[in-house]
$ cat target-v2.cif   # mmCIF, C-alpha atoms
data_input
loop_
_atom_site.label_atom_id
_atom_site.label_comp_id
_atom_site.auth_asym_id
_atom_site.auth_seq_id
_atom_site.Cartn_x
_atom_site.Cartn_y
_atom_site.Cartn_z
CA MET A 24 9.60 -22.72 -55.38
CA GLY A 25 9.99 -19.34 -53.77
CA ASP A 26 6.23 -18.77 -53.47
CA GLY A 27 5.60 -22.30 -52.20
CA GLY A 28 8.31 -22.03 -49.55
CA PHE A 29 6.95 -18.71 -48.34
CA GLY A 30 3.44 -20.09 -48.18
CA LYS A 31 4.52 -23.06 -46.07
CA GLY A 32 6.46 -20.84 -43.74
CA GLY A 33 3.46 -18.56 -43.22
CA GLY A 34 1.20 -21.53 -42.58
CA PHE A 35 3.47 -23.01 -39.94
CA GLY A 36 3.83 -19.63 -38.30
CA ASP A 37 0.07 -19.19 -38.02
CA LYS A 38 -0.32 -22.63 -36.51
CA GLY A 39 2.33 -21.88 -33.95
CA LYS A 40 0.65 -18.60 -32.97
CA GLY A 41 -2.72 -20.27 -32.64
CA LYS A 42 -1.38 -22.93 -30.28
CA GLY A 43 0.36 -20.37 -28.15
CA LYS A 44 -2.74 -18.21 -27.79
CA GLY A 45 -4.90 -21.19 -26.90
CA LYS A 46 -2.59 -22.25 -24.09
CA GLY A 47 -2.41 -18.73 -22.84
CA PHE A 48 -6.18 -18.39 -22.56
CA LYS A 49 -6.43 -21.73 -20.75
CA GLY A 50 -3.81 -20.61 -18.28
CA LYS A 51 -5.58 -17.30 -17.66
CA GLY A 52 -8.90 -19.05 -17.11
CA LYS A 53 -7.41 -21.32 -14.46
CA GLY A 54 -5.87 -18.33 -12.71
CA LYS A 55 -9.20 -16.52 -12.46
CA LYS A 56 -10.91 -19.54 -10.92
CA GLY A 57 -8.05 -19.88 -8.43
CA GLU A 58 -8.51 -16.29 -7.19
CA GLU A 59 -11.96 -17.10 -5.79
CA LYS A 60 -10.59 -19.63 -3.28
CA GLU A 61 -10.97 -19.05 0.44
CA TRP A 62 -8.10 -17.24 2.11
CA MET A 63 -5.67 -19.66 3.77
CA PRO A 64 -3.31 -17.52 5.91
CA VAL A 65 0.36 -18.51 5.92
CA THR A 66 1.64 -16.14 8.63
CA LYS A 67 0.95 -16.04 12.38
CA LEU A 68 -0.61 -12.59 12.04
CA GLY A 69 -2.88 -13.80 9.24
CA ARG A 70 -4.12 -16.72 11.34
CA LEU A 71 -4.90 -14.45 14.30
CA VAL A 72 -6.76 -11.96 12.08
CA LYS A 73 -8.83 -14.65 10.36
CA GLU A 74 -9.91 -16.12 13.72
CA GLY A 75 -10.85 -12.65 15.01
CA LYS A 76 -8.23 -12.58 17.77
CA ILE A 77 -6.95 -9.16 16.64
CA LYS A 78 -9.80 -6.66 16.64
CA SER A 79 -8.34 -3.64 14.83
CA VAL A 80 -5.46 -2.68 12.56
CA GLU A 81 -4.19 -0.31 15.28
CA ASP A 82 -3.13 -3.35 17.35
CA ILE A 83 -0.87 -4.37 14.46
CA TYR A 84 0.71 -0.90 14.28
CA LEU A 85 1.12 -0.78 18.08
CA HIS A 86 3.45 -3.80 18.01
CA SER A 87 5.03 -2.94 14.62
CA LEU A 88 4.04 -6.28 13.10
CA PRO A 89 4.94 -6.70 9.41
CA ILE A 90 1.93 -7.25 7.13
CA LYS A 91 2.81 -9.90 4.54
CA GLU A 92 -0.72 -10.71 3.28
CA TYR A 93 -3.04 -8.15 1.72
CA GLN A 94 -6.11 -10.09 2.95
CA ILE A 95 -5.27 -8.86 6.47
CA ILE A 96 -6.12 -5.30 5.38
CA ASP A 97 -9.26 -6.50 3.58
CA ALA A 98 -10.42 -8.10 6.85
CA PHE A 99 -10.31 -4.77 8.72
CA PHE A 100 -11.55 -2.39 6.00
CA ASP A 101 -14.81 -2.56 4.10
CA PRO A 102 -14.33 -2.54 0.28
CA THR A 103 -16.35 0.68 0.06
CA THR A 104 -14.22 2.36 2.76
CA LEU A 105 -10.76 1.65 1.36
CA LYS A 106 -10.47 3.40 -2.01
CA ASP A 107 -7.69 2.91 -4.53
CA GLU A 108 -6.52 4.99 -7.47
CA VAL A 109 -3.87 4.48 -10.12
CA MET A 110 -1.57 7.50 -9.91
CA LYS A 111 0.85 6.75 -12.74
CA ILE A 112 1.65 4.11 -15.36
CA HIS A 113 4.81 4.43 -17.38
CA PRO A 114 6.69 1.99 -19.64
CA VAL A 115 10.26 0.88 -18.98
CA GLN A 116 12.57 -0.92 -21.41
CA LYS A 117 15.45 -3.34 -21.08
CA MET A 118 17.86 -4.22 -23.86
CA THR A 119 18.48 -7.94 -24.28
CA SER A 120 20.22 -10.08 -26.88
CA ALA A 121 16.84 -10.71 -28.54
CA GLY A 122 15.97 -6.99 -28.63
CA GLN A 123 14.00 -4.68 -26.35
CA THR A 124 11.64 -5.96 -23.67
CA ASN A 125 8.86 -3.59 -22.61
CA ARG A 126 7.28 -3.59 -19.17
CA PHE A 127 4.93 -1.24 -17.30
CA VAL A 128 5.42 0.27 -13.87
CA CYS A 129 2.23 1.16 -12.02
CA TYR A 130 1.95 3.37 -8.89
CA VAL A 131 -1.23 2.83 -6.88
CA LEU A 132 -2.57 4.81 -3.91
CA VAL A 133 -5.02 3.37 -1.35
CA GLY A 134 -6.60 5.13 1.62
CA ASP A 135 -9.73 5.36 3.77
CA GLN A 136 -9.67 9.20 3.99
CA ASN A 137 -9.53 8.81 7.77
CA GLY A 138 -5.89 8.48 8.80
CA HIS A 139 -4.69 5.49 6.74
CA ILE A 140 -2.81 5.60 3.44
CA GLY A 141 -0.77 3.14 1.40
CA LEU A 142 1.45 3.51 -1.66
CA GLY A 143 2.55 0.59 -3.81
CA SER A 144 4.27 0.02 -7.14
CA LYS A 145 4.48 -2.99 -9.41
CA CYS A 146 6.29 -3.74 -12.67
CA SER A 147 4.76 -6.22 -15.10
CA LYS A 148 4.51 -7.07 -18.79
CA GLU A 149 0.79 -6.29 -18.83
CA VAL A 150 -0.93 -3.15 -17.53
CA ALA A 151 -3.76 -5.06 -15.82
CA THR A 152 -1.32 -7.29 -13.94
CA ALA A 153 0.72 -4.26 -12.88
CA ILE A 154 -2.39 -2.49 -11.53
CA ARG A 155 -3.49 -5.60 -9.63
CA GLY A 156 -0.03 -6.06 -8.15
CA GLY A 157 0.19 -2.35 -7.30
CA ILE A 158 -3.06 -2.49 -5.30
CA ILE A 159 -1.80 -5.51 -3.35
CA ALA A 160 1.55 -3.80 -2.66
CA ALA A 161 -0.21 -0.62 -1.52
CA LYS A 162 -2.46 -2.53 0.88
CA MET A 163 0.51 -4.31 2.45
CA ASN A 164 2.24 -0.93 2.77
CA LEU A 165 -0.67 0.76 4.57
CA ILE A 166 0.46 3.15 7.34
CA PRO A 167 -1.33 5.26 9.98
CA VAL A 168 -1.19 9.05 9.63
CA ARG A 169 -1.25 11.21 12.76
CA ARG A 170 -3.37 14.33 12.43
CA GLY A 171 -3.53 17.36 14.72
CA TYR A 172 -4.55 21.01 15.09
CA TRP A 173 -3.06 24.33 14.00
CA GLY A 174 -4.28 26.34 17.00
CA ASN A 175 -6.98 25.56 19.56
CA ARG A 176 -8.17 21.99 19.76
CA ILE A 177 -11.69 22.59 18.46
CA GLY A 178 -13.53 19.96 16.45
CA GLN A 179 -11.85 17.10 14.63
CA PRO A 180 -8.11 17.03 13.79
CA HIS A 181 -7.64 18.68 10.40
CA THR A 182 -3.91 19.18 9.71
CA MET A 183 -0.47 17.78 10.49
CA PRO A 184 0.48 17.90 14.20
CA MET A 185 4.00 19.18 13.46
CA LYS A 186 6.33 19.99 10.56
CA VAL A 187 7.42 16.74 8.89
CA HIS A 188 9.57 16.03 5.88
CA GLY A 189 10.39 13.10 3.63
CA LYS A 190 12.81 12.44 0.82
CA CYS A 191 13.27 10.06 -2.09
CA GLY A 192 15.92 10.44 -4.75
CA SER A 193 16.46 14.17 -5.32
CA VAL A 194 12.95 15.09 -4.15
CA ARG A 195 12.44 16.67 -0.70
CA VAL A 196 8.90 17.30 0.59
CA ARG A 197 8.02 19.26 3.74
CA LEU A 198 4.51 19.37 5.19
CA ILE A 199 3.66 22.31 7.46
CA PRO A 200 0.51 22.65 9.67
CA ALA A 201 -2.05 25.13 8.33
CA PRO A 202 -5.07 26.95 9.84
CA ARG A 203 -8.52 25.47 9.34
CA GLY A 204 -9.95 26.43 5.96
CA SER A 205 -6.59 26.86 4.20
CA GLY A 206 -6.98 23.66 2.17
CA VAL A 207 -4.04 21.71 0.78
CA VAL A 208 -1.52 24.13 -0.71
CA GLY A 209 0.44 21.99 -3.16
CA SER A 210 0.39 20.13 -6.45
CA MET A 211 -2.49 17.95 -7.67
CA THR A 212 -0.59 14.80 -6.69
CA LEU A 213 -0.06 16.10 -3.15
CA LYS A 214 -3.74 17.11 -2.88
CA LYS A 215 -4.83 13.61 -3.90
CA MET A 216 -2.51 12.01 -1.34
CA MET A 217 -3.71 14.32 1.44
CA GLN A 218 -7.32 13.55 0.51
CA PHE A 219 -6.67 9.81 0.79
CA ALA A 220 -4.90 10.33 4.15
CA GLY A 221 -7.72 12.51 5.52
CA VAL A 222 -5.68 15.72 5.95
CA ALA A 223 -7.81 18.75 5.11
CA ASP A 224 -5.39 21.67 5.62
CA VAL A 225 -1.62 21.70 5.07
CA PHE A 226 1.09 23.88 3.55
CA SER A 227 3.79 22.14 1.49
CA CYS A 228 7.32 22.95 0.45
CA SER A 229 9.31 20.85 -2.00
CA CYS A 230 12.58 20.90 -3.91
CA GLY A 231 14.39 18.63 -6.34
CA HIS A 232 13.08 17.04 -9.53
CA THR A 233 9.44 16.90 -8.43
CA ARG A 234 8.30 16.14 -12.00
CA THR A 235 9.38 12.56 -11.30
CA LYS A 236 5.98 11.65 -9.93
CA GLY A 237 7.07 8.30 -8.47
CA ASN A 238 9.78 9.84 -6.29
CA PHE A 239 7.53 12.77 -5.36
CA MET A 240 4.81 10.41 -4.11
CA LYS A 241 7.34 8.33 -2.19
CA ALA A 242 8.79 11.44 -0.54
CA THR A 243 5.30 12.63 0.49
CA PHE A 244 4.52 9.13 1.77
CA GLU A 245 7.69 9.15 3.91
CA ALA A 246 6.71 12.57 5.30
CA LEU A 247 3.29 11.19 6.32
CA ARG A 248 4.98 8.14 7.86
CA ALA A 249 7.15 10.45 10.01
CA SER A 250 4.06 11.91 11.72
CA TYR A 251 3.95 9.00 14.19
CA GLY A 252 7.73 8.93 14.64
CA TYR A 253 7.80 12.24 16.50
CA LEU A 254 7.40 12.23 20.31
CA THR A 255 5.31 15.23 21.37
CA PRO A 256 4.76 16.33 25.00
CA ASP A 257 1.21 14.94 25.07
CA LEU A 258 2.73 11.46 24.62
CA TRP A 259 5.04 11.79 27.66
CA ARG A 260 2.65 9.96 29.97
CA PRO A 261 3.88 6.56 31.29
CA THR A 262 3.36 3.83 28.72
CA LYS A 263 1.04 0.98 29.66
CA PHE A 264 2.61 -2.09 28.11
CA VAL A 265 0.32 -4.83 26.85
CA LYS A 266 1.19 -8.35 25.80
CA HIS A 267 2.39 -9.00 22.27
CA PRO A 268 -0.34 -10.76 20.23
CA PHE A 269 1.96 -13.72 19.53
CA GLN A 270 2.60 -14.05 23.26
CA GLU A 271 -1.03 -13.54 24.27
CA PHE A 272 -2.39 -16.13 21.82
CA THR A 273 0.58 -18.50 21.93
CA ASP A 274 -1.62 -21.53 22.78
CA PHE A 275 -3.88 -20.88 19.80
CA LEU A 276 -0.93 -20.49 17.43
CA ALA A 277 0.62 -23.72 18.74
CA GLN A 278 -2.50 -25.84 18.27
CA SER A 279 -3.69 -24.38 14.96
CA LYS A 280 -0.36 -24.62 13.15
CA SER A 281 -1.17 -25.68 9.58
CA VAL A 282 0.64 -28.77 8.34
CA PRO A 283 1.60 -28.56 4.64
CA THR A 284 0.00 -31.25 2.49
CA TYR A 285 1.71 -32.48 -0.66
#

$ encode --input "target-v2.cif" --output "structure tokens"
Amino acid sequence: MGDGGFGKGGGFGDKGKGKGKGKGFKGKGKGKKGEEKEWMPVTKLGRLVKEGKIKSVEDIYLHSLPIKEYQIIDAFFDPTTLKDEVMKIHPVQKMTSAGQTNRFVCYVLVGDQNGHIGLGSKCSKEVATAIRGGIIAAKMNLIPVRRGYWGNRIGQPHTMPMKVHGKCGSVRVRLIPAPRGSGVVGSMTLKKMMQFAGVADVFSCSCGHTRTKGNFMKATFEALRASYGYLTPDLWRPTKFVKHPFQEFTDFLAQSKSVPTY
């Protein structure tokens, strides 16, 4: 009786697992086919970008428009230009009534090595899903980085235009302009971020628990973001105001409003 009962139990368990796996694979297959669909923008900015009304990503930054769709960035940058790299993957656990649930947090860095950098993070049950979500988050979080000179304005900008600092958690990061040829003086993580941003020479100073790589990257990212938040004397000239894209193309947005179909 004991052997028979155990055998039946094992059999039913195997059947259950088989059904579950089959459904899972079907679901995944459908998802992959769905990814190849044409981009249908759902925001005003997305519609303007798809129709070619907005010519460059700088116009988006000029008016501080929020980017809610990662396809907007893909429209402006060639896939070979915008590079991405997984900086860190670490597991996190949550205690539930059924036991522990494991998930993975992924930090992804994207950049064109020419003044644009993005940092994104995503938590998911599977590593592949976390990486995919991290890349999308990083693209939507893409920011411009202002670069300048240490001394005379000779050649291309190579360093930070002024001292900037950023913070996240206990980590504080300060970036200081450096002479041409100094290289990036900092940790490997900082060097990678400066490479993606297109900054060739910079001194760095940090304090706090910098071993927490996630917070260290976020602090460095905030420091780079601050480069365009500083008003230098060469920007004191009178500002020439241009029309907001939503105001300029208001007729197009009114006529091309997509009606949801059910």

$ resolve_selection --input "target-v2.cif" --expression "the PyMOL selection byres ((chain A and resi 213-216) around 10)" --output "count of residues only"
32

$ resolve_selection --input "target-v2.cif" --expression "the PyMOL selection byres ((chain A and resi 275) around 12)" --output "short mmCIF file (atom, residue, chain, number, x, y, z; two decimals) with C-alpha atoms, in the coordinates of the input"
data_model
loop_
_atom_site.label_atom_id
_atom_site.label_comp_id
_atom_site.auth_asym_id
_atom_site.auth_seq_id
_atom_site.Cartn_x
_atom_site.Cartn_y
_atom_site.Cartn_z
CA LYS A 67 0.95 -16.04 12.38
CA LEU A 68 -0.61 -12.59 12.04
CA ARG A 70 -4.12 -16.72 11.34
CA LEU A 71 -4.90 -14.45 14.30
CA GLU A 74 -9.91 -16.12 13.72
CA GLY A 75 -10.85 -12.65 15.01
CA LYS A 76 -8.23 -12.58 17.77
CA PRO A 268 -0.34 -10.76 20.23
CA PHE A 269 1.96 -13.72 19.53
CA GLN A 270 2.60 -14.05 23.26
CA GLU A 271 -1.03 -13.54 24.27
CA PHE A 272 -2.39 -16.13 21.82
CA THR A 273 0.58 -18.50 21.93
CA ASP A 274 -1.62 -21.53 22.78
CA LEU A 276 -0.93 -20.49 17.43
CA ALA A 277 0.62 -23.72 18.74
CA GLN A 278 -2.50 -25.84 18.27
CA SER A 279 -3.69 -24.38 14.96
CA LYS A 280 -0.36 -24.62 13.15
CA SER A 281 -1.17 -25.68 9.58
#

$ atom_distance --input "target-v2.cif" --atom1 "CA of Ala98 (chain A)" --atom2 "CA of Tyr253 (chain A)"
29.0 Å

$ closest_atom_pairs --input "target-v2.cif" --of "region 123-196 of chain A" --to "region 87-90 of chain A" --cutoff "10 Å" --atoms "all atoms listed in the file" --output "Markdown table"
| residue | atom | partner | partner_atom | distance |
| --- | --- | --- | --- | --- |
| A:Lys162 | CA | A:Ile90 | CA | 9.0 |
| A:Met163 | CA | A:Ile90 | CA | 5.7 |
| A:Asn164 | CA | A:Ile90 | CA | 7.7 |
| A:Leu165 | CA | A:Ile90 | CA | 8.8 |

$ closest_residue --input "target-v2.cif" --among "A:Pro261, A:Pro256, A:Gly143, A:Pro200" --to "Lys241 (chain A)" --atoms "all atoms listed in the file"
A:Gly143

$ atom_distance --input "target-v2.cif" --atom1 "CA of Tyr130 (chain A)" --atom2 "CA of Gly189 (chain A)"
18.0 Å

$ residues_near_point --input "target-v2.cif" --point "(3.6, 6.9, 7.4)" --cutoff "9 Å" --atoms "all atoms listed in the file" --output "list in words"
His139, Ile140, Gly141, Leu165, Ile166, Pro167, Val168, Arg169, Phe244, Glu245, Ala246, Leu247, Arg248, Ala249, Ser250, Tyr251 and Gly252 of chain A

$ atom_distance --input "target-v2.cif" --atom1 "CA of Cys191 (chain A)" --atom2 "CA of Lys148 (chain A)"
25.5 Å

$ residues_around --input "target-v2.cif" --residues "Asn175 (chain A)" --least-positions-apart "3" --cutoff "12 Å" --atoms "all atoms listed in the file" --output "ChimeraX atom specification"
/A:171-172,178-181,184,202-203

$ write_last_selection --input "target-v2.cif" --atoms "C-alpha atoms" --output "tab-separated table (two decimals), keeping the file's coordinate frame"
chain	number	residue	atom	x	y	z
A	171	GLY	CA	-3.53	17.36	14.72
A	172	TYR	CA	-4.55	21.01	15.09
A	178	GLY	CA	-13.53	19.96	16.45
A	179	GLN	CA	-11.85	17.10	14.63
A	180	PRO	CA	-8.11	17.03	13.79
A	181	HIS	CA	-7.64	18.68	10.40
A	184	PRO	CA	0.48	17.90	14.20
A	202	PRO	CA	-5.07	26.95	9.84
A	203	ARG	CA	-8.52	25.47	9.34

$ closest_residue --input "target-v2.cif" --among "A:Val109, A:Thr66, A:Met185, A:Arg126" --to "Arg155 (chain A)" --atoms "all atoms listed in the file"
A:Val109

$ resolve_selection --input "target-v2.cif" --expression "the PyMOL selection byres ((chain A and resi 62) around 12)" --output "list of chain:residue names"
A:Gly57, A:Glu58, A:Glu59, A:Lys60, A:Glu61, A:Met63, A:Pro64, A:Val65, A:Thr66, A:Gly69, A:Arg70, A:Val72, A:Lys73, A:Glu74, A:Glu92, A:Tyr93, A:Gln94, A:Ile95, A:Asp97, A:Ala98

$ closest_residue --input "target-v2.cif" --among "A:Ala151, A:Lys236, A:Asp135, A:Asp257" --to "Asp107 (chain A)" --atoms "only C-alpha atoms"
A:Asp135
